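Colleague: Have a peek at input.pdb (PDB, N, CA and C atoms, pLDDT in the B column).
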ATOM      1  N   MET A   1     -90.899-154.622 -45.588  1.00 77.00           N
ATOM      2  CA  MET A   1     -90.620-153.893 -44.360  1.00 77.00           C
ATOM      3  C   MET A   1     -90.291-154.846 -43.217  1.00 77.00           C
ATOM      4  N   ALA A   2     -91.078-155.905 -43.077  1.00 84.00           N
ATOM      5  CA  ALA A   2     -90.851-156.857 -41.986  1.00 84.00           C
ATOM      6  C   ALA A   2     -89.522-157.588 -42.169  1.00 84.00           C
ATOM      7  N   ASP A   3     -89.174-157.872 -43.427  1.00 92.00           N
ATOM      8  CA  ASP A   3     -87.893-158.541 -43.675  1.00 92.00           C
ATOM      9  C   ASP A   3     -86.718-157.655 -43.283  1.00 92.00           C
ATOM     10  N   ALA A   4     -86.838-156.368 -43.501  1.00 93.00           N
ATOM     11  CA  ALA A   4     -85.762-155.442 -43.133  1.00 93.00           C
ATOM     12  C   ALA A   4     -85.576-155.398 -41.621  1.00 93.00           C
ATOM     13  N   VAL A   5     -86.682-155.434 -40.879  1.00 93.00           N
ATOM     14  CA  VAL A   5     -86.603-155.423 -39.419  1.00 93.00           C
ATOM     15  C   VAL A   5     -85.924-156.697 -38.923  1.00 93.00           C
ATOM     16  N   ILE A   6     -86.263-157.824 -39.522  1.00 95.00           N
ATOM     17  CA  ILE A   6     -85.660-159.104 -39.139  1.00 95.00           C
ATOM     18  C   ILE A   6     -84.158-159.078 -39.409  1.00 95.00           C
ATOM     19  N   VAL A   7     -83.757-158.548 -40.551  1.00 96.00           N
ATOM     20  CA  VAL A   7     -82.335-158.482 -40.899  1.00 96.00           C
ATOM     21  C   VAL A   7     -81.590-157.578 -39.918  1.00 96.00           C
ATOM     22  N   VAL A   8     -82.185-156.454 -39.561  1.00 96.00           N
ATOM     23  CA  VAL A   8     -81.543-155.535 -38.620  1.00 96.00           C
ATOM     24  C   VAL A   8     -81.383-156.198 -37.254  1.00 96.00           C
ATOM     25  N   VAL A   9     -82.415-156.882 -36.787  1.00 95.00           N
ATOM     26  CA  VAL A   9     -82.334-157.535 -35.478  1.00 95.00           C
ATOM     27  C   VAL A   9     -81.330-158.686 -35.520  1.00 95.00           C
ATOM     28  N   LEU A  10     -81.271-159.418 -36.618  1.00 96.00           N
ATOM     29  CA  LEU A  10     -80.279-160.481 -36.739  1.00 96.00           C
ATOM     30  C   LEU A  10     -78.853-159.928 -36.724  1.00 96.00           C
ATOM     31  N   LEU A  11     -78.645-158.790 -37.358  1.00 97.00           N
ATOM     32  CA  LEU A  11     -77.330-158.149 -37.318  1.00 97.00           C
ATOM     33  C   LEU A  11     -76.988-157.689 -35.897  1.00 97.00           C
ATOM     34  N   LEU A  12     -77.987-157.192 -35.170  1.00 96.00           N
ATOM     35  CA  LEU A  12     -77.765-156.821 -33.772  1.00 96.00           C
ATOM     36  C   LEU A  12     -77.404-158.036 -32.925  1.00 96.00           C
ATOM     37  N   VAL A  13     -78.075-159.157 -33.173  1.00 96.00           N
ATOM     38  CA  VAL A  13     -77.758-160.387 -32.448  1.00 96.00           C
ATOM     39  C   VAL A  13     -76.322-160.813 -32.738  1.00 96.00           C
ATOM     40  N   ALA A  14     -75.943-160.787 -34.004  1.00 97.00           N
ATOM     41  CA  ALA A  14     -74.581-161.185 -34.372  1.00 97.00           C
ATOM     42  C   ALA A  14     -73.539-160.256 -33.743  1.00 97.00           C
ATOM     43  N   ALA A  15     -73.789-158.963 -33.761  1.00 97.00           N
ATOM     44  CA  ALA A  15     -72.838-158.016 -33.179  1.00 97.00           C
ATOM     45  C   ALA A  15     -72.738-158.181 -31.667  1.00 97.00           C
ATOM     46  N   THR A  16     -73.880-158.372 -31.009  1.00 96.00           N
ATOM     47  CA  THR A  16     -73.866-158.515 -29.556  1.00 96.00           C
ATOM     48  C   THR A  16     -73.214-159.823 -29.139  1.00 96.00           C
ATOM     49  N   ALA A  17     -73.485-160.899 -29.866  1.00 95.00           N
ATOM     50  CA  ALA A  17     -72.862-162.185 -29.543  1.00 95.00           C
ATOM     51  C   ALA A  17     -71.355-162.137 -29.759  1.00 95.00           C
ATOM     52  N   THR A  18     -70.929-161.474 -30.813  1.00 96.00           N
ATOM     53  CA  THR A  18     -69.496-161.330 -31.061  1.00 96.00           C
ATOM     54  C   THR A  18     -68.840-160.506 -29.963  1.00 96.00           C
ATOM     55  N   THR A  19     -69.520-159.479 -29.510  1.00 95.00           N
ATOM     56  CA  THR A  19     -68.995-158.656 -28.419  1.00 95.00           C
ATOM     57  C   THR A  19     -68.896-159.465 -27.130  1.00 95.00           C
ATOM     58  N   ALA A  20     -69.882-160.301 -26.866  1.00 92.00           N
ATOM     59  CA  ALA A  20     -69.861-161.129 -25.653  1.00 92.00           C
ATOM     60  C   ALA A  20     -68.670-162.084 -25.664  1.00 92.00           C
ATOM     61  N   VAL A  21     -68.312-162.568 -26.823  1.00 93.00           N
ATOM     62  CA  VAL A  21     -67.165-163.474 -26.929  1.00 93.00           C
ATOM     63  C   VAL A  21     -65.856-162.703 -26.825  1.00 93.00           C
ATOM     64  N   ALA A  22     -65.819-161.488 -27.364  1.00 96.00           N
ATOM     65  CA  ALA A  22     -64.576-160.719 -27.418  1.00 96.00           C
ATOM     66  C   ALA A  22     -64.214-160.082 -26.079  1.00 96.00           C
ATOM     67  N   VAL A  23     -65.180-159.810 -25.235  1.00 95.00           N
ATOM     68  CA  VAL A  23     -64.906-159.159 -23.950  1.00 95.00           C
ATOM     69  C   VAL A  23     -64.211-160.149 -23.028  1.00 95.00           C
ATOM     70  N   ARG A  24     -63.166-159.689 -22.347  1.00 94.00           N
ATOM     71  CA  ARG A  24     -62.361-160.593 -21.522  1.00 94.00           C
ATOM     72  C   ARG A  24     -62.750-160.566 -20.041  1.00 94.00           C
ATOM     73  N   ASP A  25     -63.279-159.459 -19.545  1.00 93.00           N
ATOM     74  CA  ASP A  25     -63.633-159.334 -18.133  1.00 93.00           C
ATOM     75  C   ASP A  25     -64.969-160.046 -17.872  1.00 93.00           C
ATOM     76  N   PRO A  26     -65.015-160.956 -16.896  1.00 91.00           N
ATOM     77  CA  PRO A  26     -66.243-161.711 -16.652  1.00 91.00           C
ATOM     78  C   PRO A  26     -67.445-160.849 -16.266  1.00 91.00           C
ATOM     79  N   VAL A  27     -67.213-159.762 -15.557  1.00 91.00           N
ATOM     80  CA  VAL A  27     -68.334-158.894 -15.179  1.00 91.00           C
ATOM     81  C   VAL A  27     -68.916-158.221 -16.415  1.00 91.00           C
ATOM     82  N   ARG A  28     -68.057-157.730 -17.271  1.00 93.00           N
ATOM     83  CA  ARG A  28     -68.532-157.108 -18.514  1.00 93.00           C
ATOM     84  C   ARG A  28     -69.176-158.137 -19.431  1.00 93.00           C
ATOM     85  N   GLN A  29     -68.658-159.357 -19.432  1.00 92.00           N
ATOM     86  CA  GLN A  29     -69.279-160.416 -20.225  1.00 92.00           C
ATOM     87  C   GLN A  29     -70.704-160.670 -19.761  1.00 92.00           C
ATOM     88  N   ALA A  30     -70.928-160.672 -18.457  1.00 92.00           N
ATOM     89  CA  ALA A  30     -72.270-160.884 -17.930  1.00 92.00           C
ATOM     90  C   ALA A  30     -73.206-159.757 -18.362  1.00 92.00           C
ATOM     91  N   LEU A  31     -72.703-158.531 -18.354  1.00 93.00           N
ATOM     92  CA  LEU A  31     -73.535-157.408 -18.780  1.00 93.00           C
ATOM     93  C   LEU A  31     -73.848-157.477 -20.277  1.00 93.00           C
ATOM     94  N   VAL A  32     -72.866-157.841 -21.071  1.00 94.00           N
ATOM     95  CA  VAL A  32     -73.106-157.984 -22.512  1.00 94.00           C
ATOM     96  C   VAL A  32     -74.052-159.159 -22.776  1.00 94.00           C
ATOM     97  N   LEU A  33     -73.932-160.211 -21.976  1.00 93.00           N
ATOM     98  CA  LEU A  33     -74.846-161.345 -22.102  1.00 93.00           C
ATOM     99  C   LEU A  33     -76.283-160.922 -21.795  1.00 93.00           C
ATOM    100  N   SER A  34     -76.445-160.007 -20.860  1.00 94.00           N
ATOM    101  CA  SER A  34     -77.764-159.481 -20.550  1.00 94.00           C
ATOM    102  C   SER A  34     -78.339-158.703 -21.737  1.00 94.00           C
ATOM    103  N   VAL A  35     -77.498-157.904 -22.359  1.00 95.00           N
ATOM    104  CA  VAL A  35     -77.931-157.159 -23.551  1.00 95.00           C
ATOM    105  C   VAL A  35     -78.278-158.135 -24.675  1.00 95.00           C
ATOM    106  N   LEU A  36     -77.478-159.178 -24.818  1.00 95.00           N
ATOM    107  CA  LEU A  36     -77.774-160.201 -25.825  1.00 95.00           C
ATOM    108  C   LEU A  36     -79.122-160.850 -25.564  1.00 95.00           C
ATOM    109  N   GLY A  37     -79.446-161.099 -24.310  1.00 94.00           N
ATOM    110  CA  GLY A  37     -80.751-161.665 -23.974  1.00 94.00           C
ATOM    111  C   GLY A  37     -81.896-160.761 -24.383  1.00 94.00           C
ATOM    112  N   VAL A  38     -81.724-159.467 -24.185  1.00 95.00           N
ATOM    113  CA  VAL A  38     -82.767-158.513 -24.589  1.00 95.00           C
ATOM    114  C   VAL A  38     -82.914-158.493 -26.102  1.00 95.00           C
ATOM    115  N   VAL A  39     -81.791-158.492 -26.815  1.00 96.00           N
ATOM    116  CA  VAL A  39     -81.841-158.464 -28.280  1.00 96.00           C
ATOM    117  C   VAL A  39     -82.481-159.748 -28.816  1.00 96.00           C
ATOM    118  N   LEU A  40     -82.164-160.888 -28.203  1.00 95.00           N
ATOM    119  CA  LEU A  40     -82.797-162.133 -28.624  1.00 95.00           C
ATOM    120  C   LEU A  40     -84.295-162.120 -28.331  1.00 95.00           C
ATOM    121  N   ALA A  41     -84.697-161.519 -27.217  1.00 95.00           N
ATOM    122  CA  ALA A  41     -86.125-161.402 -26.911  1.00 95.00           C
ATOM    123  C   ALA A  41     -86.832-160.558 -27.966  1.00 95.00           C
ATOM    124  N   VAL A  42     -86.168-159.499 -28.413  1.00 95.00           N
ATOM    125  CA  VAL A  42     -86.742-158.674 -29.486  1.00 95.00           C
ATOM    126  C   VAL A  42     -86.838-159.484 -30.771  1.00 95.00           C
ATOM    127  N   LEU A  43     -85.799-160.268 -31.070  1.00 95.00           N
ATOM    128  CA  LEU A  43     -85.829-161.106 -32.274  1.00 95.00           C
ATOM    129  C   LEU A  43     -86.991-162.089 -32.233  1.00 95.00           C
ATOM    130  N   PHE A  44     -87.186-162.754 -31.104  1.00 96.00           N
ATOM    131  CA  PHE A  44     -88.285-163.707 -31.003  1.00 96.00           C
ATOM    132  C   PHE A  44     -89.634-163.014 -31.134  1.00 96.00           C
ATOM    133  N   THR A  45     -89.735-161.802 -30.611  1.00 94.00           N
ATOM    134  CA  THR A  45     -90.987-161.064 -30.738  1.00 94.00           C
ATOM    135  C   THR A  45     -91.241-160.674 -32.190  1.00 94.00           C
ATOM    136  N   VAL A  46     -90.181-160.252 -32.882  1.00 94.00           N
ATOM    137  CA  VAL A  46     -90.322-159.903 -34.304  1.00 94.00           C
ATOM    138  C   VAL A  46     -90.704-161.134 -35.123  1.00 94.00           C
ATOM    139  N   LEU A  47     -90.189-162.290 -34.725  1.00 94.00           N
ATOM    140  CA  LEU A  47     -90.506-163.532 -35.437  1.00 94.00           C
ATOM    141  C   LEU A  47     -91.831-164.147 -34.979  1.00 94.00           C
ATOM    142  N   GLN A  48     -92.626-163.371 -34.253  1.00 94.00           N
ATOM    143  CA  GLN A  48     -93.970-163.747 -33.806  1.00 94.00           C
ATOM    144  C   GLN A  48     -93.963-164.942 -32.861  1.00 94.00           C
ATOM    145  N   ALA A  49     -93.024-164.927 -31.918  1.00 95.00           N
ATOM    146  CA  ALA A  49     -92.983-165.920 -30.855  1.00 95.00           C
ATOM    147  C   ALA A  49     -92.850-165.183 -29.521  1.00 95.00           C
ATOM    148  N   PRO A  50     -93.915-164.462 -29.121  1.00 93.00           N
ATOM    149  CA  PRO A  50     -93.795-163.636 -27.919  1.00 93.00           C
ATOM    150  C   PRO A  50     -93.621-164.450 -26.632  1.00 93.00           C
ATOM    151  N   ASP A  51     -94.154-165.665 -26.596  1.00 96.00           N
ATOM    152  CA  ASP A  51     -93.983-166.486 -25.397  1.00 96.00           C
ATOM    153  C   ASP A  51     -92.514-166.879 -25.210  1.00 96.00           C
ATOM    154  N   VAL A  52     -91.854-167.227 -26.290  1.00 95.00           N
ATOM    155  CA  VAL A  52     -90.425-167.541 -26.228  1.00 95.00           C
ATOM    156  C   VAL A  52     -89.631-166.279 -25.894  1.00 95.00           C
ATOM    157  N   GLY A  53     -90.067-165.149 -26.428  1.00 94.00           N
ATOM    158  CA  GLY A  53     -89.409-163.881 -26.136  1.00 94.00           C
ATOM    159  C   GLY A  53     -89.494-163.514 -24.665  1.00 94.00           C
ATOM    160  N   LEU A  54     -90.654-163.744 -24.048  1.00 94.00           N
ATOM    161  CA  LEU A  54     -90.797-163.470 -22.621  1.00 94.00           C
ATOM    162  C   LEU A  54     -89.924-164.394 -21.786  1.00 94.00           C
ATOM    163  N   SER A  55     -89.856-165.647 -22.176  1.00 95.00           N
ATOM    164  CA  SER A  55     -88.977-166.585 -21.458  1.00 95.00           C
ATOM    165  C   SER A  55     -87.521-166.179 -21.601  1.00 95.00           C
ATOM    166  N   GLN A  56     -87.133-165.786 -22.789  1.00 95.00           N
ATOM    167  CA  GLN A  56     -85.761-165.332 -23.018  1.00 95.00           C
ATOM    168  C   GLN A  56     -85.474-164.078 -22.214  1.00 95.00           C
ATOM    169  N   LEU A  57     -86.435-163.194 -22.130  1.00 92.00           N
ATOM    170  CA  LEU A  57     -86.255-161.968 -21.373  1.00 92.00           C
ATOM    171  C   LEU A  57     -86.028-162.268 -19.896  1.00 92.00           C
ATOM    172  N   ALA A  58     -86.784-163.211 -19.360  1.00 93.00           N
ATOM    173  CA  ALA A  58     -86.647-163.539 -17.939  1.00 93.00           C
ATOM    174  C   ALA A  58     -85.357-164.289 -17.654  1.00 93.00           C
ATOM    175  N   VAL A  59     -85.069-165.305 -18.454  1.00 94.00           N
ATOM    176  CA  VAL A  59     -83.926-166.163 -18.175  1.00 94.00           C
ATOM    177  C   VAL A  59     -82.636-165.587 -18.764  1.00 94.00           C
ATOM    178  N   GLY A  60     -82.662-165.232 -20.023  1.00 90.00           N
ATOM    179  CA  GLY A  60     -81.447-164.826 -20.722  1.00 90.00           C
ATOM    180  C   GLY A  60     -80.940-163.451 -20.374  1.00 90.00           C
ATOM    181  N   SER A  61     -81.836-162.539 -20.011  1.00 90.00           N
ATOM    182  CA  SER A  61     -81.362-161.191 -19.738  1.00 90.00           C
ATOM    183  C   SER A  61     -81.395-160.833 -18.262  1.00 90.00           C
ATOM    184  N   ALA A  62     -81.967-161.676 -17.426  1.00 92.00           N
ATOM    185  CA  ALA A  62     -82.022-161.356 -16.003  1.00 92.00           C
ATOM    186  C   ALA A  62     -81.375-162.430 -15.136  1.00 92.00           C
ATOM    187  N   LEU A  63     -81.845-163.644 -15.245  1.00 94.00           N
ATOM    188  CA  LEU A  63     -81.428-164.692 -14.318  1.00 94.00           C
ATOM    189  C   LEU A  63     -79.995-165.173 -14.567  1.00 94.00           C
ATOM    190  N   THR A  64     -79.670-165.509 -15.784  1.00 92.00           N
ATOM    191  CA  THR A  64     -78.332-166.032 -16.090  1.00 92.00           C
ATOM    192  C   THR A  64     -77.223-165.006 -15.800  1.00 92.00           C
ATOM    193  N   PRO A  65     -77.340-163.744 -16.250  1.00 92.00           N
ATOM    194  CA  PRO A  65     -76.284-162.781 -15.893  1.00 92.00           C
ATOM    195  C   PRO A  65     -76.184-162.548 -14.385  1.00 92.00           C
ATOM    196  N   LEU A  66     -77.320-162.570 -13.686  1.00 93.00           N
ATOM    197  CA  LEU A  66     -77.283-162.402 -12.238  1.00 93.00           C
ATOM    198  C   LEU A  66     -76.514-163.542 -11.575  1.00 93.00           C
ATOM    199  N   LEU A  67     -76.773-164.765 -11.997  1.00 94.00           N
ATOM    200  CA  LEU A  67     -76.047-165.911 -11.446  1.00 94.00           C
ATOM    201  C   LEU A  67     -74.555-165.830 -11.765  1.00 94.00           C
ATOM    202  N   LEU A  68     -74.214-165.390 -12.953  1.00 93.00           N
ATOM    203  CA  LEU A  68     -72.806-165.239 -13.316  1.00 93.00           C
ATOM    204  C   LEU A  68     -72.129-164.163 -12.469  1.00 93.00           C
ATOM    205  N   LEU A  69     -72.807-163.038 -12.255  1.00 93.00           N
ATOM    206  CA  LEU A  69     -72.231-161.980 -11.436  1.00 93.00           C
ATOM    207  C   LEU A  69     -72.028-162.435  -9.996  1.00 93.00           C
ATOM    208  N   LEU A  70     -72.986-163.162  -9.455  1.00 94.00           N
ATOM    209  CA  LEU A  70     -72.838-163.672  -8.089  1.00 94.00           C
ATOM    210  C   LEU A  70     -71.699-164.673  -7.986  1.00 94.00           C
ATOM    211  N   THR A  71     -71.540-165.504  -9.002  1.00 94.00           N
ATOM    212  CA  THR A  71     -70.454-166.475  -9.003  1.00 94.00           C
ATOM    213  C   THR A  71     -69.094-165.790  -9.078  1.00 94.00           C
ATOM    214  N   VAL A  72     -68.965-164.805  -9.949  1.00 93.00           N
ATOM    215  CA  VAL A  72     -67.705-164.073 -10.077  1.00 93.00           C
ATOM    216  C   VAL A  72     -67.381-163.366  -8.759  1.00 93.00           C
ATOM    217  N   ARG A  73     -68.393-162.788  -8.138  1.00 93.00           N
ATOM    218  CA  ARG A  73     -68.177-162.110  -6.855  1.00 93.00           C
ATOM    219  C   ARG A  73     -67.665-163.078  -5.793  1.00 93.00           C
ATOM    220  N   LYS A  74     -68.267-164.252  -5.720  1.00 94.00           N
ATOM    221  CA  LYS A  74     -67.859-165.236  -4.717  1.00 94.00           C
ATOM    222  C   LYS A  74     -66.446-165.754  -4.984  1.00 94.00           C
ATOM    223  N   VAL A  75     -66.127-166.013  -6.232  1.00 92.00           N
ATOM    224  CA  VAL A  75     -64.787-166.506  -6.580  1.00 92.00           C
ATOM    225  C   VAL A  75     -63.742-165.448  -6.259  1.00 92.00           C
ATOM    226  N   ARG A  76     -64.014-164.197  -6.581  1.00 90.00           N
ATOM    227  CA  ARG A  76     -63.049-163.133  -6.281  1.00 90.00           C
ATOM    228  C   ARG A  76     -62.891-162.937  -4.778  1.00 90.00           C
ATOM    229  N   ARG A  77     -63.978-163.069  -4.035  1.00 91.00           N
ATOM    230  CA  ARG A  77     -63.904-162.926  -2.578  1.00 91.00           C
ATOM    231  C   ARG A  77     -63.053-164.040  -1.978  1.00 91.00           C
ATOM    232  N   ARG A  78     -63.227-165.265  -2.470  1.00 89.00           N
ATOM    233  CA  ARG A  78     -62.416-166.384  -1.977  1.00 89.00           C
ATOM    234  C   ARG A  78     -60.953-166.210  -2.345  1.00 89.00           C
ATOM    235  N   ALA A  79     -60.688-165.706  -3.543  1.00 88.00           N
ATOM    236  CA  ALA A  79     -59.301-165.491  -3.972  1.00 88.00           C
ATOM    237  C   ALA A  79     -58.636-164.427  -3.104  1.00 88.00           C
ATOM    238  N   ARG A  80     -59.374-163.382  -2.737  1.00 87.00           N
ATOM    239  CA  ARG A  80     -58.823-162.355  -1.862  1.00 87.00           C
ATOM    240  C   ARG A  80     -58.551-162.908  -0.466  1.00 87.00           C
ATOM    241  N   GLY A  81     -59.415-163.797  -0.011  1.00 82.00           N
ATOM    242  CA  GLY A  81     -59.232-164.406   1.303  1.00 82.00           C
ATOM    243  C   GLY A  81     -57.983-165.264   1.373  1.00 82.00           C
ATOM    244  N   ARG A  82     -57.607-165.901   0.288  1.00 80.00           N
ATOM    245  CA  ARG A  82     -56.405-166.727   0.255  1.00 80.00           C
ATOM    246  C   ARG A  82     -55.139-165.888   0.161  1.00 80.00           C
ATOM    247  N   GLU A  83     -55.236-164.714  -0.428  1.00 73.00           N
ATOM    248  CA  GLU A  83     -54.062-163.848  -0.579  1.00 73.00           C
ATOM    249  C   GLU A  83     -53.683-163.199   0.743  1.00 73.00           C
ATOM    250  N   ASP A  84     -54.636-162.898   1.609  1.00 64.00           N
ATOM    251  CA  ASP A  84     -54.394-162.193   2.859  1.00 64.00           C
ATOM    252  C   ASP A  84     -54.414-163.174   4.032  1.00 64.00           C
ATOM    253  N   PRO A  85     -53.291-163.842   4.329  1.00 61.00           N
ATOM    254  CA  PRO A  85     -53.297-164.754   5.481  1.00 61.00           C
ATOM    255  C   PRO A  85     -53.301-163.972   6.793  1.00 61.00           C
ATOM    256  N   GLU A  86     -54.145-164.391   7.698  1.00 57.00           N
ATOM    257  CA  GLU A  86     -54.246-163.681   8.977  1.00 57.00           C
ATOM    258  C   GLU A  86     -53.776-164.545  10.112  1.00 57.00           C
TER     259      GLU A  86
END
Represent the structure contained in this file as structure tokens.

Modeller:
Amino acid sequence: MADAVIVVVLLLVAATATTAVAVRDPVRQALVLSVLGVVLAVLFTVLQAPDVGLSQLAVGSALTPLLLLLTVRKVRRRARGREDPE
């Protein structure tokens, strides 16, 4: 039973990681990366490493996508500022 759960979670990790690579829009990539962080946290918990899972949950599914979204927002704002000369 435990092996089946591990295989299912590993397949979810593979599917989510492939989706993160295939998505072209940076905002959607950040959101998929957040989902990948949650799935990896579940994998670590299933593999009996809850401390690593909690760290992954904090960093991989919250902090990193947030930083990416803020960066994309700032870059797009600067690009718009250059297009509209005043």

Colleague: Give me, as JSON lines, the closest atom pair and its distance (Å, one decimal) for every residue of segment 1-59 of chain A within a cut-off of 7 Å of segment 65-71 of chain A, counting all atoms listed in the file, rows sorted by chain and rising number.

Modeller:
{"residue": "A:Pro26", "atom": "C", "partner": "A:Leu68", "partner_atom": "C", "distance": 6.9}
{"residue": "A:Val27", "atom": "CA", "partner": "A:Leu69", "partner_atom": "CA", "distance": 6.2}
{"residue": "A:Ala30", "atom": "CA", "partner": "A:Pro65", "partner_atom": "CA", "distance": 4.9}
{"residue": "A:Leu31", "atom": "N", "partner": "A:Pro65", "partner_atom": "CA", "distance": 6.1}
{"residue": "A:Leu33", "atom": "C", "partner": "A:Pro65", "partner_atom": "CA", "distance": 6.2}
{"residue": "A:Ser34", "atom": "N", "partner": "A:Pro65", "partner_atom": "CA", "distance": 5.7}
{"residue": "A:Val59", "atom": "C", "partner": "A:Pro65", "partner_atom": "N", "distance": 6.1}

Colleague: Have a look at atom C of Gly53 of chain A and atom CA of Val8 of chain A and let me know their distance in Å, one decimal.

Modeller: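 A separation of 17.9 Å between them.
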
Colleague: Give me the residues within 8 Å of Leu12 of chain A as a ChimeraX atom specification, counting all atoms listed in the file and dropping any in the same chain fewer than 5 places off.

Modeller: /A:6-7,17-18,36,39-40

Colleague: Hey, can I get the axis-aligned box for segment 11-26 of chain A? All listed atoms, 6 Å padding on each side, centre and edge lengths in Å to one decimal, as JSON.

Modeller:
{"center_x": -70.5, "center_y": -160.1, "center_z": -26.8, "size_x": 28.3, "size_y": 18.7, "size_z": 33.1}

Colleague: With distances taken over all atoms listed in the file, which residue among A:Ala15, A:Ala49, A:Ala79, A:Val38 lies nearest Ala62 of chain A?

Modeller: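 Between A:Ala15, A:Ala49, A:Ala79, A:Val38, the residue approaching Ala62 of chain A most closely is A:Val38.
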
Colleague: Hey, what's within 6 Å of segment 54-58 of chain A if we count all atoms listed in the file and toss same-chain stuff fewer than 5 positions away? As a list in words, please?

Modeller: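 Using all atoms listed in the file, the neighbours found are Gly37, Val38, Ala41 and Leu63 of chain A.
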
Colleague: Write out the residues from the selection above, keeping N, CA and C atoms, as an mmCIF file, in the coordinates of the input.

Modeller:
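Written out: result.cif:
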data_model
loop_
_atom_site.group_PDB
_atom_site.id
_atom_site.type_symbol
_atom_site.label_atom_id
_atom_site.label_comp_id
_atom_site.auth_asym_id
_atom_site.auth_seq_id
_atom_site.Cartn_x
_atom_site.Cartn_y
_atom_site.Cartn_z
ATOM 1 N N GLY A 37 -79.446 -161.099 -24.310
ATOM 2 C CA GLY A 37 -80.751 -161.665 -23.974
ATOM 3 C C GLY A 37 -81.896 -160.761 -24.383
ATOM 4 N N VAL A 38 -81.724 -159.467 -24.185
ATOM 5 C CA VAL A 38 -82.767 -158.513 -24.589
ATOM 6 C C VAL A 38 -82.914 -158.493 -26.102
ATOM 7 N N ALA A 41 -84.697 -161.519 -27.217
ATOM 8 C CA ALA A 41 -86.125 -161.402 -26.911
ATOM 9 C C ALA A 41 -86.832 -160.558 -27.966
ATOM 10 N N LEU A 63 -81.845 -163.644 -15.245
ATOM 11 C CA LEU A 63 -81.428 -164.692 -14.318
ATOM 12 C C LEU A 63 -79.995 -165.173 -14.567
#

Colleague: Mind giving me the straight-line distance from atom N of Val13 of chain A to atom N of Val42 of chain A in Å, one decimal?

Modeller: 9.4 Å

Colleague: Give me, please, the distance in Å between atom CA of Val46 of chain A and atom CA of Ala14 of chain A, quoted to one decimal.

Modeller: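 For atom CA of Val46 of chain A relative to atom CA of Ala14 of chain A, the distance reads 15.8 Å.
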
Colleague: Using only C-alpha atoms, can you tell me which of A:Val35, A:Val52, A:Thr45, A:Arg80 comes closest to Thr64 of chain A?

Modeller: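 For Thr64 of chain A, the nearest of the given residues is A:Val35.
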
Colleague: Around (-70.1, -160.9, -23.8) in the file's frame, which residues reach within 5 Å when counting only N, CA and C atoms? Return as a VMD selection string?

Modeller: chain A and resid 19 to 21 29 32 to 33
